[in-house]
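Just below is one structure, and these are the notes that go with it.
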Amino acid sequence: MTDTRPPATTPDAYVLGVDSGGSGLRVALGRADTDGPLATAVCAEPVRTGTGGIDAAHLLEQLLPVAAELLERAATEGGRPGNGLAEDDRPGNGTTSARLTGNGSAQVAALAVGAAGMATLGGRLRAELPGALAAALGVRRLALAADAVTAYAGAVGQRPGAVVAGGTGMIALGTDLVEWRRADGWGHLLGDNGSGAWIGRAGLEAAMRAHDGRRGGSPALLDRLRAVFGPAEELPGLLYPRSDRPAVLASFAPEVAACAGADAIAADILRRAGVHIAEAAAAVCPKGRPEADGGCEVALTGGLFRMGEPLVGPVREELARLVPQARVTTGAGDPLTGALRIARALAADDLRLPHHPTMLSVQDAQDA
């Protein structure tokens, strides 16, 4: 059967990458045929999530004015780096018309959205975004991805391998380019072992043990608890009523890292966190990769790994034991970079990452 669809891209086409997470919505504009962003913009308000899942209308309310203004400026200014499109541009009040394709000045060949919770809460996005983006921006092809997938694309690209995305939570994702394998990412009550929340909680527990005079306590961490939160006996009343407990727990993780050089208890917490992270990475590494093929790349990405060698060292050591052919790298690109890469690959009909109904779904937006 002859493919009657229009070409995915033309020489003057643009692509858009979107990263929706707990800290807000970020948008990157790029050329379909050129690496890297021309400009990025930030919407500080996180997209709402309710009983029906991620709020598609709220995402569109923020995305469309920003995307439209970036596209209009790119068309006006030539769309080349250095022509006034600066990194982290923040478009204005959103009064720009969202429909820019009527005169052919700003064709959007593809758009990729990576969102936290996409796999379990993204039903409304998958139902509503394709038609809305085709109507508003003339988007031809659309990819909707879990944020772990865009983290993978940013850190590893379109090669077989694995990524560990670490921050407040922790998830490992791997692929042999046939299927995805996931480990952890189950939240601070059921998992996220080795994450910022896990490290922070372990540090606070060691502090409370020192407060009580129990074995395994850390006076150094107790001092940091008091400096950050106040009297130790008041911590439960501060922590338990909070709806953002994972973030509060994770806020203590840097204190654990700061104590690790001189405190054996803090150092052991980071060592155990590294073991947990390595176990998750080993579970998702593609199986049967011959050493001659370079082994399994495991990219570490996210703010958690800014703790450096006290955490990364145990990850590397435990992975070497579990998966001798693993190569630990530091992910060069973040999830926004990954979303833009997915959009560019989609525009070029070269998306090699596995499609999946909830992890990475691809649609021809103009057929919506």
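Residue names in the structure tokens use chain letters A, B, ... in the order shown, residue numbers from 1 in each chain, and ligand numbers from 1 in the order shown.
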Could you pull the residues within 12 Å of A:Leu189, counting only C-alpha atoms, minus those fewer than 5 positions along the same chain, as number ranges by chain?
-> A: 169, 184, 195, 197-198, 201, 245-246, 249
Find the spatial neighbours of A:Ala280, counting only C-alpha atoms, within a cut-off of 7 Å - ignore same-chain residues fewer than 4 positions away - and output them as a count of residues only.
-> 5
Quote the spacing between atom CA of A:Val156 and atom CA of A:Val66 in Å to one decimal place.
->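 One can read the atom CA of A:Val156 to atom CA of A:Val66 distance as 27.9 Å.
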Run DSSP on the backbone and give me the residues of stretch 51-239 of chain A it puts in strand (DSSP E), as a PyMOL selection string.
-> chain A and resi 53-54+108-115+141-146+161-166+170-175+180-184
Best match for closeness to A:Leu239 among A:Val163, A:Gly216, A:Leu111, A:Ser251, counting only C-alpha atoms =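 Between A:Val163, A:Gly216, A:Leu111, A:Ser251, the residue approaching A:Leu239 most closely is A:Ser251.
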Tell me which protein, DNA and RNA residues are within 7 Å of stretch 336-341 of chain A, counting only C-alpha atoms, leaving out same-chain ones fewer than 4 positions away, and put them as an NGL selection string.
-> :A and (16-19 or 28 or 112-114 or 150-154 or 345)
Name the residues in contact with A:Gly24 at a cut-off of 9 Å, using only C-alpha atoms, excluding same-chain residues fewer than 3 positions from it; report them as a ChimeraX atom specification.
-> /A:19-21,42-47
Write out as a PyMOL selection string each polymer residue whose atoms come within 8 Å of A:Leu129, counting only C-alpha atoms; drop sequence neighbours fewer than 4 positions from it.
-> chain A and resi 56+60+124-125+133
Identify, with DSSP run on backbone atoms, the residues in stretch 3-245 of chain A assigned to alpha helix (DSSP H), and express the list as a ChimeraX atom specification.
-> /A:56-77,118-121,123-137,147-155,196-212,219-229,235-239,245
Between A:Val248, A:Val328, A:Leu238, A:Ile265, smallest distance to A:Ala207 by only C-alpha atoms belongs to A:Ile265
Using only C-alpha atoms, pick whichever of A:Leu177, A:Ala132, A:Leu190, A:Leu222 has the shortest atom-to-atom distance to A:Gly157.
->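 The closest residue to A:Gly157 is A:Leu177.
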